[in-house]
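Chemist: File my_file_24.txt follows (compact mmCIF, C-alpha atoms (C1' of nucleotides)):
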```txt
# COMPACT_ATOMS: atom_id res chain seq x y z
CA MET A 1 34.40 -29.91 -46.16
CA ASN A 2 34.32 -26.49 -44.54
CA LEU A 3 31.37 -25.36 -46.65
CA LEU A 4 29.55 -28.52 -45.63
CA PHE A 5 30.04 -27.99 -41.89
CA LYS A 6 29.23 -24.29 -42.22
CA ALA A 7 26.04 -25.13 -44.09
CA LEU A 8 24.94 -27.54 -41.38
CA ALA A 9 25.69 -25.09 -38.58
CA ASP A 10 22.48 -23.12 -39.02
CA PRO A 11 19.24 -24.50 -37.54
CA THR A 12 17.07 -23.09 -40.33
CA ARG A 13 19.18 -24.83 -42.92
CA ARG A 14 19.02 -28.13 -41.05
CA GLN A 15 15.24 -27.78 -40.88
CA ILE A 16 15.17 -27.21 -44.62
CA LEU A 17 17.06 -30.47 -45.10
CA GLU A 18 14.65 -32.23 -42.76
CA GLN A 19 11.78 -30.99 -44.91
CA LEU A 20 13.38 -32.09 -48.15
CA ARG A 21 13.94 -35.50 -46.61
CA ILE A 22 10.18 -36.09 -46.94
CA LYS A 23 9.78 -34.75 -50.46
CA ASP A 24 11.05 -32.23 -52.96
CA ARG A 25 9.70 -28.71 -52.52
CA SER A 26 9.71 -25.37 -54.29
CA ALA A 27 11.58 -22.40 -52.82
CA GLY A 28 8.25 -20.80 -52.00
CA GLU A 29 6.91 -23.85 -50.19
CA ILE A 30 10.09 -24.02 -48.15
CA ALA A 31 10.02 -20.31 -47.35
CA ASN A 32 6.40 -20.49 -46.15
CA ALA A 33 7.41 -22.92 -43.45
CA PHE A 34 9.61 -20.31 -41.75
CA ASP A 35 9.11 -16.96 -40.08
CA ILE A 36 11.87 -15.27 -42.01
CA THR A 37 11.51 -13.54 -45.38
CA LYS A 38 11.79 -15.25 -48.73
CA PRO A 39 15.09 -13.55 -49.58
CA SER A 40 16.56 -14.92 -46.36
CA VAL A 41 15.41 -18.43 -47.17
CA SER A 42 16.71 -18.00 -50.70
CA HIS A 43 20.10 -17.16 -49.23
CA HIS A 44 20.03 -20.29 -47.06
CA LEU A 45 19.14 -22.37 -50.09
CA ALA A 46 22.08 -20.87 -51.97
CA LEU A 47 24.45 -21.93 -49.19
CA LEU A 48 22.98 -25.44 -49.10
CA LYS A 49 23.44 -25.63 -52.86
CA GLN A 50 27.05 -24.42 -52.59
CA ALA A 51 27.69 -27.20 -50.09
CA GLN A 52 26.00 -29.59 -52.53
CA LEU A 53 23.52 -30.64 -49.87
CA VAL A 54 20.67 -29.80 -52.23
CA MET A 55 20.08 -29.64 -55.95
CA ALA A 56 17.73 -27.32 -57.76
CA HIS A 57 15.87 -27.44 -61.05
CA ARG A 58 13.34 -25.13 -62.53
CA LYS A 59 9.83 -26.38 -63.14
CA GLY A 60 7.72 -23.68 -64.74
CA GLN A 61 7.71 -20.63 -62.52
CA SER A 62 8.97 -22.55 -59.56
CA ILE A 63 12.39 -23.84 -58.65
CA ILE A 64 12.23 -27.26 -57.06
CA TYR A 65 14.78 -28.16 -54.44
CA SER A 66 15.75 -31.72 -53.60
CA LEU A 67 18.13 -33.33 -51.17
CA ASN A 68 21.47 -34.62 -52.37
CA THR A 69 22.40 -37.33 -49.91
CA THR A 70 25.69 -38.24 -51.57
CA VAL A 71 27.72 -35.59 -49.72
CA PHE A 72 26.71 -37.04 -46.38
CA GLN A 73 29.15 -39.82 -47.13
CA ASP A 74 32.04 -37.36 -46.69
CA LEU A 75 30.61 -36.39 -43.35
CA LEU A 76 30.24 -40.02 -42.26
CA THR A 77 33.81 -40.74 -43.29
CA TRP A 78 35.05 -37.78 -41.24
CA ILE A 79 33.08 -38.87 -38.18
CA TYR A 80 34.21 -42.47 -38.36
CA THR A 81 37.81 -41.38 -38.74
CA ILE A 82 37.55 -39.25 -35.62
CA LYS A 83 35.78 -41.99 -33.73
CA ASP A 84 38.28 -44.71 -34.56
CA PRO A 85 41.69 -43.90 -33.06
CA HIS A 86 43.37 -46.62 -35.14
CA SER A 87 42.29 -45.48 -38.56
CA PRO A 88 45.12 -43.77 -40.45
CA LYS A 89 44.83 -40.06 -41.16
CA LYS A 90 44.12 -39.87 -44.84
CA ASP A 91 45.41 -37.36 -47.36
CA GLY A 92 43.32 -34.28 -47.77
CA GLU A 93 41.95 -34.34 -44.25
CA GLY A 94 41.84 -31.15 -42.24
CA GLU A 95 41.05 -29.08 -45.33
CA MET B 1 22.32 -30.54 -31.28
CA ASN B 2 22.80 -26.93 -32.25
CA LEU B 3 25.83 -26.53 -30.00
CA LEU B 4 27.30 -29.65 -31.57
CA PHE B 5 26.92 -28.42 -35.15
CA LYS B 6 28.12 -24.93 -34.19
CA ALA B 7 31.18 -26.43 -32.53
CA LEU B 8 32.03 -28.44 -35.63
CA ALA B 9 31.60 -25.46 -37.95
CA ASP B 10 35.01 -23.98 -37.20
CA PRO B 11 38.10 -25.46 -38.92
CA THR B 12 40.39 -24.81 -35.93
CA ARG B 13 38.03 -26.70 -33.66
CA ARG B 14 37.86 -29.63 -36.08
CA GLN B 15 41.65 -29.71 -36.19
CA ILE B 16 41.73 -29.82 -32.40
CA LEU B 17 39.47 -32.87 -32.50
CA GLU B 18 41.70 -34.45 -35.11
CA GLN B 19 44.66 -33.95 -32.79
CA LEU B 20 42.88 -35.41 -29.79
CA ARG B 21 41.96 -38.41 -31.89
CA ILE B 22 45.61 -39.48 -31.69
CA LYS B 23 46.12 -38.85 -28.01
CA ASP B 24 45.12 -36.65 -25.09
CA ARG B 25 46.87 -33.29 -24.91
CA SER B 26 47.19 -30.33 -22.59
CA ALA B 27 45.69 -26.96 -23.51
CA GLY B 28 49.20 -25.63 -24.06
CA GLU B 29 50.22 -28.46 -26.38
CA ILE B 30 47.07 -27.90 -28.38
CA ALA B 31 47.59 -24.13 -28.52
CA ASN B 32 51.18 -24.51 -29.74
CA ALA B 33 49.95 -26.30 -32.83
CA PHE B 34 48.09 -23.20 -34.02
CA ASP B 35 49.02 -19.69 -35.08
CA ILE B 36 46.43 -18.06 -32.88
CA THR B 37 46.91 -16.99 -29.26
CA LYS B 38 46.36 -19.24 -26.26
CA PRO B 39 43.26 -17.33 -25.11
CA SER B 40 41.71 -17.93 -28.53
CA VAL B 41 42.44 -21.65 -28.35
CA SER B 42 41.12 -21.70 -24.80
CA HIS B 43 37.88 -20.23 -26.11
CA HIS B 44 37.64 -22.91 -28.79
CA LEU B 45 38.24 -25.59 -26.16
CA ALA B 46 35.45 -24.12 -24.04
CA LEU B 47 33.03 -24.39 -26.96
CA LEU B 48 34.09 -27.97 -27.67
CA LYS B 49 33.54 -28.77 -24.01
CA GLN B 50 30.11 -27.14 -24.05
CA ALA B 51 29.20 -29.33 -26.99
CA GLN B 52 30.55 -32.30 -25.03
CA LEU B 53 32.95 -33.14 -27.82
CA VAL B 54 35.85 -33.06 -25.37
CA MET B 55 36.38 -33.61 -21.68
CA ALA B 56 38.95 -31.94 -19.49
CA HIS B 57 40.71 -32.84 -16.27
CA ARG B 58 43.47 -31.13 -14.42
CA LYS B 59 46.81 -32.88 -14.03
CA GLY B 60 49.17 -30.73 -12.02
CA GLN B 61 49.53 -27.36 -13.66
CA SER B 62 48.13 -28.59 -16.92
CA ILE B 63 44.62 -29.30 -18.03
CA ILE B 64 44.43 -32.39 -20.19
CA TYR B 65 41.84 -32.52 -22.93
CA SER B 66 40.49 -35.72 -24.36
CA LEU B 67 37.99 -36.61 -27.04
CA ASN B 68 34.50 -37.70 -26.04
CA THR B 69 33.31 -39.83 -28.93
CA THR B 70 29.91 -40.62 -27.47
CA VAL B 71 28.22 -37.48 -28.81
CA PHE B 72 29.14 -38.44 -32.35
CA GLN B 73 26.40 -41.01 -32.07
CA ASP B 74 23.82 -38.19 -32.04
CA LEU B 75 25.38 -36.82 -35.17
CA LEU B 76 25.33 -40.21 -36.89
CA THR B 77 21.69 -40.67 -35.95
CA TRP B 78 20.83 -37.29 -37.42
CA ILE B 79 22.67 -38.05 -40.65
CA TYR B 80 21.13 -41.47 -41.09
CA THR B 81 17.68 -40.04 -40.44
CA ILE B 82 18.21 -37.46 -43.16
CA LYS B 83 19.63 -40.02 -45.54
CA ASP B 84 16.84 -42.54 -45.14
CA PRO B 85 13.55 -41.11 -46.45
CA HIS B 86 11.57 -43.93 -44.81
CA SER B 87 12.78 -43.50 -41.26
CA PRO B 88 10.17 -41.85 -39.06
CA LYS B 89 10.82 -38.37 -37.74
CA LYS B 90 11.51 -38.83 -34.09
CA ASP B 91 10.46 -36.67 -31.17
CA GLY B 92 12.83 -33.88 -30.33
CA GLU B 93 14.24 -33.52 -33.80
CA GLY B 94 14.71 -30.08 -35.26
CA GLU B 95 15.56 -28.61 -31.85
C1' DT C 1 2.92 -7.97 -74.96
C1' DA C 2 1.19 -6.71 -70.27
C1' DG C 3 0.29 -8.28 -65.81
C1' DA C 4 0.79 -11.74 -62.30
C1' DT C 5 3.56 -15.10 -59.80
C1' DA C 6 8.04 -17.10 -58.18
C1' DT C 7 12.56 -16.49 -57.03
C1' DT C 8 16.95 -14.21 -56.71
C1' DT C 9 20.27 -10.25 -56.36
C1' DA C 10 21.94 -5.92 -54.16
C1' DG C 11 22.96 -3.31 -50.51
C1' DA C 12 22.40 -2.10 -45.71
C1' DA C 13 21.72 -3.02 -40.66
C1' DA C 14 22.02 -6.04 -36.73
C1' DA C 15 23.66 -10.07 -34.44
C1' DA C 16 26.98 -13.60 -33.74
C1' DC C 17 31.70 -15.06 -33.85
C1' DA C 18 36.90 -15.24 -33.80
C1' DT C 19 40.53 -12.98 -32.28
C1' DC C 20 43.51 -9.96 -29.59
C1' DT C 21 45.86 -7.84 -25.21
C1' DA C 22 45.85 -7.44 -20.33
C1' DA C 23 44.66 -9.20 -16.04
C1' DA C 24 43.06 -12.99 -12.97
C1' DT C 25 43.24 -17.73 -11.08
C1' DA C 26 45.37 -22.21 -9.99
C1' DT C 27 49.24 -25.11 -9.29
C1' DT C 28 53.99 -26.25 -8.48
C1' DA C 29 58.73 -25.52 -6.93
C1' DA C 30 62.28 -22.88 -4.61
C1' DT D 1 55.44 -17.52 0.86
C1' DT D 2 57.31 -15.85 -3.51
C1' DA D 3 58.29 -16.70 -8.25
C1' DA D 4 57.38 -19.35 -12.30
C1' DT D 5 54.32 -21.93 -15.31
C1' DA D 6 49.71 -23.13 -17.30
C1' DT D 7 45.32 -21.80 -18.33
C1' DT D 8 41.23 -19.01 -18.25
C1' DT D 9 38.38 -14.69 -17.89
C1' DA D 10 37.31 -9.88 -19.24
C1' DG D 11 36.71 -6.57 -22.35
C1' DA D 12 37.58 -4.58 -26.90
C1' DT D 13 37.85 -4.95 -31.97
C1' DG D 14 37.32 -6.61 -36.59
C1' DT D 15 35.11 -10.01 -39.49
C1' DT D 16 31.51 -13.04 -40.91
C1' DT D 17 26.81 -14.28 -40.94
C1' DT D 18 21.91 -13.56 -40.78
C1' DT D 19 18.40 -10.86 -41.82
C1' DC D 20 15.83 -7.11 -43.88
C1' DT D 21 13.71 -4.00 -47.80
C1' DA D 22 13.76 -2.75 -52.52
C1' DA D 23 14.68 -3.87 -57.05
C1' DA D 24 15.81 -7.18 -60.81
C1' DT D 25 15.08 -11.45 -63.47
C1' DA D 26 12.45 -15.36 -65.24
C1' DT D 27 8.30 -17.72 -66.40
C1' DC D 28 3.49 -18.18 -67.31
C1' DT D 29 -1.21 -16.64 -68.72
C1' DA D 30 -4.62 -13.66 -70.64
```
Could you render the structure as structure tokens?
Modeler:
Amino acid sequence: MNLLFKALADPTRRQILEQLRIKDRSAGEIANAFDITKPSVSHHLALLKQAQLVMAHRKGQSIIYSLNTTVFQDLLTWIYTIKDPHSPKKDGEGE
Amino acid sequence: MNLLFKALADPTRRQILEQLRIKDRSAGEIANAFDITKPSVSHHLALLKQAQLVMAHRKGQSIIYSLNTTVFQDLLTWIYTIKDPHSPKKDGEGE
DNA sequence: TAGATATTTAGAAAAACATCTAAATATTAA
DNA sequence: TTAATATTTAGATGTTTTTCTAAATATCTA
């Protein structure tokens, strides 16, 4: 959960997710959309992958990144728990 | 939106929210629940307030903090937009 | 296999962040 | 008004994060 929130805390990383929402893209295509260097974008992609927000697979020379929406469910669950004062605090919450 | 995500990125701050979910608390009550100093907690509370995740009002010597759940709606909207590939990208997104 | 393209890893520098102690401010009670 | 309690502000310090350049790895094509 902490990796997820940390991953979402950076605006560049959120923009990457917003790009992948439209369609899958290679690391290079993603990097070209930003003013920072490719190694920096590569680092952001690594953090997004660690948080399981994206998945990656090689296709020829390129590595294609795609969004993994399944982890957003954890986030939604956390938000709804906070929002609803009557919901019981479940095991495992709070790291 | 960036302040919101930044605010949620710290585990101590998320725990504060989880406490306020149950009931309103004074800064001191909140601080006592953590192993860090009161000034540090005070700083976290200031960031949560900046992000509008909490509200504060003085009651005698104490300052009572309470959860403001309305901003979570922005977060939900962002998540659902990312999750649904067909939803249009709205104005103002991506900071 | 050699050269070109795509991406990542390593290591360093700069910026942002969390935390601390000491001092300041606000409120209450004696 | 003085002392006590609650909280915040200021300023310093250490840690984490973002970013960079240079070099390494992987794949494809000639």
Chemist: Matching every Cα in sequence order between the two identical chains, what are the coordinates of chain A once fitted onto chain B? Write them as a PDB file with C-alpha atoms, keeping the file's coordinate frame.
Modeler:
```pdb
ATOM      1  CA  MET A   1      22.274 -30.503 -31.228  1.00  0.00           C
ATOM      2  CA  ASN A   2      22.770 -26.887 -32.230  1.00  0.00           C
ATOM      3  CA  LEU A   3      25.801 -26.489 -29.976  1.00  0.00           C
ATOM      4  CA  LEU A   4      27.259 -29.614 -31.541  1.00  0.00           C
ATOM      5  CA  PHE A   5      26.884 -28.391 -35.129  1.00  0.00           C
ATOM      6  CA  LYS A   6      28.111 -24.923 -34.167  1.00  0.00           C
ATOM      7  CA  ALA A   7      31.157 -26.439 -32.492  1.00  0.00           C
ATOM      8  CA  LEU A   8      32.008 -28.454 -35.587  1.00  0.00           C
ATOM      9  CA  ALA A   9      31.584 -25.485 -37.914  1.00  0.00           C
ATOM     10  CA  ASP A  10      34.994 -24.007 -37.159  1.00  0.00           C
ATOM     11  CA  PRO A  11      38.073 -25.476 -38.878  1.00  0.00           C
ATOM     12  CA  THR A  12      40.353 -24.832 -35.900  1.00  0.00           C
ATOM     13  CA  ARG A  13      38.021 -26.738 -33.638  1.00  0.00           C
ATOM     14  CA  ARG A  14      37.825 -29.660 -36.053  1.00  0.00           C
ATOM     15  CA  GLN A  15      41.622 -29.726 -36.185  1.00  0.00           C
ATOM     16  CA  ILE A  16      41.706 -29.825 -32.404  1.00  0.00           C
ATOM     17  CA  LEU A  17      39.447 -32.877 -32.485  1.00  0.00           C
ATOM     18  CA  GLU A  18      41.669 -34.472 -35.111  1.00  0.00           C
ATOM     19  CA  GLN A  19      44.634 -33.965 -32.797  1.00  0.00           C
ATOM     20  CA  LEU A  20      42.873 -35.417 -29.787  1.00  0.00           C
ATOM     21  CA  ARG A  21      41.945 -38.420 -31.892  1.00  0.00           C
ATOM     22  CA  ILE A  22      45.607 -39.490 -31.694  1.00  0.00           C
ATOM     23  CA  LYS A  23      46.111 -38.836 -27.998  1.00  0.00           C
ATOM     24  CA  ASP A  24      45.106 -36.657 -25.090  1.00  0.00           C
ATOM     25  CA  ARG A  25      46.859 -33.295 -24.921  1.00  0.00           C
ATOM     26  CA  SER A  26      47.210 -30.333 -22.598  1.00  0.00           C
ATOM     27  CA  ALA A  27      45.715 -26.957 -23.517  1.00  0.00           C
ATOM     28  CA  GLY A  28      49.218 -25.636 -24.069  1.00  0.00           C
ATOM     29  CA  GLU A  29      50.222 -28.461 -26.390  1.00  0.00           C
ATOM     30  CA  ILE A  30      47.072 -27.905 -28.407  1.00  0.00           C
ATOM     31  CA  ALA A  31      47.580 -24.146 -28.551  1.00  0.00           C
ATOM     32  CA  ASN A  32      51.171 -24.534 -29.788  1.00  0.00           C
ATOM     33  CA  ALA A  33      49.924 -26.326 -32.862  1.00  0.00           C
ATOM     34  CA  PHE A  34      48.063 -23.223 -34.069  1.00  0.00           C
ATOM     35  CA  ASP A  35      48.969 -19.716 -35.135  1.00  0.00           C
ATOM     36  CA  ILE A  36      46.396 -18.077 -32.922  1.00  0.00           C
ATOM     37  CA  THR A  37      46.907 -17.011 -29.305  1.00  0.00           C
ATOM     38  CA  LYS A  38      46.386 -19.231 -26.302  1.00  0.00           C
ATOM     39  CA  PRO A  39      43.293 -17.333 -25.147  1.00  0.00           C
ATOM     40  CA  SER A  40      41.719 -17.945 -28.546  1.00  0.00           C
ATOM     41  CA  VAL A  41      42.445 -21.652 -28.366  1.00  0.00           C
ATOM     42  CA  SER A  42      41.156 -21.692 -24.806  1.00  0.00           C
ATOM     43  CA  HIS A  43      37.905 -20.223 -26.086  1.00  0.00           C
ATOM     44  CA  HIS A  44      37.644 -22.916 -28.767  1.00  0.00           C
ATOM     45  CA  LEU A  45      38.247 -25.579 -26.150  1.00  0.00           C
ATOM     46  CA  ALA A  46      35.474 -24.097 -24.018  1.00  0.00           C
ATOM     47  CA  LEU A  47      33.035 -24.377 -26.924  1.00  0.00           C
ATOM     48  CA  LEU A  48      34.092 -27.965 -27.632  1.00  0.00           C
ATOM     49  CA  LYS A  49      33.562 -28.749 -23.960  1.00  0.00           C
ATOM     50  CA  GLN A  50      30.120 -27.100 -23.991  1.00  0.00           C
ATOM     51  CA  ALA A  51      29.198 -29.312 -26.932  1.00  0.00           C
ATOM     52  CA  GLN A  52      30.567 -32.268 -24.955  1.00  0.00           C
ATOM     53  CA  LEU A  53      32.946 -33.121 -27.774  1.00  0.00           C
ATOM     54  CA  VAL A  54      35.841 -33.039 -25.323  1.00  0.00           C
ATOM     55  CA  MET A  55      36.395 -33.595 -21.635  1.00  0.00           C
ATOM     56  CA  ALA A  56      38.972 -31.912 -19.466  1.00  0.00           C
ATOM     57  CA  HIS A  57      40.761 -32.815 -16.259  1.00  0.00           C
ATOM     58  CA  ARG A  58      43.520 -31.106 -14.417  1.00  0.00           C
ATOM     59  CA  LYS A  59      46.853 -32.841 -14.057  1.00  0.00           C
ATOM     60  CA  GLY A  60      49.239 -30.722 -12.026  1.00  0.00           C
ATOM     61  CA  GLN A  61      49.630 -27.355 -13.683  1.00  0.00           C
ATOM     62  CA  SER A  62      48.198 -28.574 -16.923  1.00  0.00           C
ATOM     63  CA  ILE A  63      44.665 -29.282 -18.020  1.00  0.00           C
ATOM     64  CA  ILE A  64      44.451 -32.370 -20.181  1.00  0.00           C
ATOM     65  CA  TYR A  65      41.850 -32.501 -22.901  1.00  0.00           C
ATOM     66  CA  SER A  66      40.488 -35.724 -24.340  1.00  0.00           C
ATOM     67  CA  LEU A  67      37.971 -36.602 -26.996  1.00  0.00           C
ATOM     68  CA  ASN A  68      34.489 -37.685 -26.017  1.00  0.00           C
ATOM     69  CA  THR A  69      33.286 -39.801 -28.904  1.00  0.00           C
ATOM     70  CA  THR A  70      29.891 -40.597 -27.405  1.00  0.00           C
ATOM     71  CA  VAL A  71      28.205 -37.450 -28.753  1.00  0.00           C
ATOM     72  CA  PHE A  72      29.087 -38.406 -32.301  1.00  0.00           C
ATOM     73  CA  GLN A  73      26.333 -40.972 -32.029  1.00  0.00           C
ATOM     74  CA  ASP A  74      23.752 -38.155 -32.016  1.00  0.00           C
ATOM     75  CA  LEU A  75      25.330 -36.793 -35.146  1.00  0.00           C
ATOM     76  CA  LEU A  76      25.293 -40.198 -36.852  1.00  0.00           C
ATOM     77  CA  THR A  77      21.651 -40.667 -35.939  1.00  0.00           C
ATOM     78  CA  TRP A  78      20.788 -37.273 -37.436  1.00  0.00           C
ATOM     79  CA  ILE A  79      22.661 -38.037 -40.652  1.00  0.00           C
ATOM     80  CA  TYR A  80      21.121 -41.458 -41.092  1.00  0.00           C
ATOM     81  CA  THR A  81      17.666 -40.041 -40.505  1.00  0.00           C
ATOM     82  CA  ILE A  82      18.212 -37.447 -43.209  1.00  0.00           C
ATOM     83  CA  LYS A  83      19.680 -40.004 -45.558  1.00  0.00           C
ATOM     84  CA  ASP A  84      16.872 -42.519 -45.196  1.00  0.00           C
ATOM     85  CA  PRO A  85      13.599 -41.071 -46.510  1.00  0.00           C
ATOM     86  CA  HIS A  86      11.588 -43.897 -44.923  1.00  0.00           C
ATOM     87  CA  SER A  87      12.746 -43.500 -41.364  1.00  0.00           C
ATOM     88  CA  PRO A  88      10.106 -41.827 -39.187  1.00  0.00           C
ATOM     89  CA  LYS A  89      10.812 -38.355 -37.846  1.00  0.00           C
ATOM     90  CA  LYS A  90      11.489 -38.889 -34.193  1.00  0.00           C
ATOM     91  CA  ASP A  91      10.463 -36.722 -31.267  1.00  0.00           C
ATOM     92  CA  GLY A  92      12.889 -34.023 -30.342  1.00  0.00           C
ATOM     93  CA  GLU A  93      14.290 -33.630 -33.828  1.00  0.00           C
ATOM     94  CA  GLY A  94      14.795 -30.175 -35.254  1.00  0.00           C
ATOM     95  CA  GLU A  95      15.776 -28.777 -31.857  1.00  0.00           C
TER      96      GLU A  95
END
```
Chemist: Extract, using all atoms listed in the file, all DNA, RNA and protein residues at most 9 Å from Leu17 of chain B, discarding same-chain residues fewer than 4 positions from it, and format them as a list in words.
Modeler: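 Selected residues are Ile82 of chain A; Thr12, Arg13, Arg21, Leu48, Leu53, Val54, Ser66 and Leu67 of chain B.
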Chemist: If we count all atoms listed in the file, which residues of chain D reach to within 7 Å of chain A? Please list them as a ChimeraX atom specification.
Modeler: /D:19,27-28
Chemist: Contacts of DT15 of chain D at 12 Å or less, counting only C-alpha atoms (C1' of nucleotides), minus same-chain residues fewer than 4 places along, as a list in words?
Modeler: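 These residues fall inside the cut-off: DA16, DC17, DA18 and DT19 of chain C.
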Chemist: Generate a file of the selected residues that holds C-alpha atoms (C1' of nucleotides), formatted as a PDB file, in the frame of the given file.
Modeler:
```
ATOM      1  C1'  DA C  16      26.980 -13.600 -33.740  1.00  0.00           C
ATOM      2  C1'  DC C  17      31.700 -15.060 -33.850  1.00  0.00           C
ATOM      3  C1'  DA C  18      36.900 -15.240 -33.800  1.00  0.00           C
ATOM      4  C1'  DT C  19      40.530 -12.980 -32.280  1.00  0.00           C
TER       5       DT C  19
END
```
Chemist: Rank B:Ile22, B:Ala33, B:Ile16, B:Ile63 by their smallest atom-to-atom distance to chain C, using all atoms listed in the file, and report the top residue only.
Modeler: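 Distance minimum relative to chain C lands on B:Ile63.
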Chemist: Could you work out how far atom CA of Val71 of chain B lies from atom CA of Leu45 of chain A, giving the answer in Å with one decimal?
Modeler: 27.6 Å
Chemist: Mind giving me the straight-line distance from atom C1' of DG11 of chain C to atom C1' of DA22 of chain D in Å, one decimal?
Modeler: 9.4 Å
Chemist: Work out how far apart atom C1' of DC20 of chain C and atom CA of Ala46 of chain B are and give it in Å to one decimal.
Modeler: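 So the two atoms, atom C1' of DC20 of chain C and atom CA of Ala46 of chain B, lie 17.2 Å apart.
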Chemist: Could you list, as a VMD selection string, every residue within 12 Å of DG11 of chain D, counting all atoms listed in the file and ignoring same-chain residues fewer than 3 positions away?
Modeler: chain C and resid 20 to 23
Chemist: Next, the residues of the selection above should be written as a compact mmCIF listing (two decimals), keeping the file's coordinate frame with C-alpha atoms (C1' of nucleotides).
Modeler:
```
# COMPACT_ATOMS: atom_id res chain seq x y z
C1' DC C 20 43.51 -9.96 -29.59
C1' DT C 21 45.86 -7.84 -25.21
C1' DA C 22 45.85 -7.44 -20.33
C1' DA C 23 44.66 -9.20 -16.04
```
Chemist: Find the spatial neighbours of Ile79 of chain A, counting all atoms listed in the file, within a cut-off of 12 Å - ignore same-chain residues fewer than 3 positions away - and output them as a list in words.
Modeler: Phe5, Phe72, Gln73, Asp74, Leu75, Leu76, Ile82, Lys83, Asp84, Pro85, Ser87 and Glu93 of chain A; Leu8, Arg14, Leu17, Glu18, Arg21, Leu53, Thr69, Thr70, Val71, Phe72, Gln73, Asp74, Leu75, Leu76, Thr77 and Ile79 of chain B
Chemist: May I have the residues within 12 Å of DT5 of chain D as an MDAnalysis selection string, using all atoms listed in the file and disregarding those fewer than 2 positions away in the same chain?
Modeler: (chainID B and resid 28 60:62) or (chainID C and resid 26:29) or (chainID D and resid 3 7)
Chemist: Fix up segment 62-73 of chain A with N, CA, C and O atoms, then write it as a short mmCIF file (atom, residue, chain, number, x, y, z; two decimals), in the frame of the given file.
Modeler:
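Output saved as out-v8.cif:
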```cif
data_model
loop_
_atom_site.label_atom_id
_atom_site.label_comp_id
_atom_site.auth_asym_id
_atom_site.auth_seq_id
_atom_site.Cartn_x
_atom_site.Cartn_y
_atom_site.Cartn_z
N SER A 62 8.35 -22.19 -60.84
CA SER A 62 8.97 -22.55 -59.56
C SER A 62 10.37 -23.15 -59.74
O SER A 62 10.72 -23.62 -60.81
N ILE A 63 11.12 -23.12 -58.67
CA ILE A 63 12.39 -23.84 -58.65
C ILE A 63 12.27 -24.89 -57.55
O ILE A 63 11.98 -24.58 -56.39
N ILE A 64 12.43 -26.13 -57.96
CA ILE A 64 12.23 -27.26 -57.06
C ILE A 64 13.57 -27.67 -56.44
O ILE A 64 14.54 -27.89 -57.16
N TYR A 65 13.58 -27.75 -55.14
CA TYR A 65 14.78 -28.16 -54.44
C TYR A 65 14.65 -29.61 -53.99
O TYR A 65 13.57 -30.05 -53.57
N SER A 66 15.75 -30.34 -54.08
CA SER A 66 15.75 -31.72 -53.60
C SER A 66 17.06 -32.00 -52.87
O SER A 66 18.08 -31.34 -53.10
N LEU A 67 16.98 -32.96 -51.99
CA LEU A 67 18.13 -33.33 -51.17
C LEU A 67 19.15 -34.10 -51.99
O LEU A 67 18.79 -34.94 -52.82
N ASN A 68 20.42 -33.81 -51.77
CA ASN A 68 21.47 -34.62 -52.37
C ASN A 68 22.21 -35.34 -51.25
O ASN A 68 23.06 -34.77 -50.57
N THR A 69 21.86 -36.61 -51.08
CA THR A 69 22.40 -37.33 -49.91
C THR A 69 23.84 -37.79 -50.09
O THR A 69 24.48 -38.19 -49.12
N THR A 70 24.35 -37.69 -51.33
CA THR A 70 25.69 -38.24 -51.57
C THR A 70 26.78 -37.58 -50.74
O THR A 70 27.71 -38.24 -50.30
N VAL A 71 26.67 -36.26 -50.49
CA VAL A 71 27.72 -35.59 -49.72
C VAL A 71 27.78 -36.03 -48.26
O VAL A 71 28.79 -35.83 -47.59
N PHE A 72 26.69 -36.59 -47.77
CA PHE A 72 26.71 -37.04 -46.38
C PHE A 72 27.76 -38.12 -46.16
O PHE A 72 28.23 -38.33 -45.05
N GLN A 73 28.12 -38.79 -47.26
CA GLN A 73 29.15 -39.82 -47.13
C GLN A 73 30.47 -39.22 -46.63
O GLN A 73 31.16 -39.80 -45.80
#
```
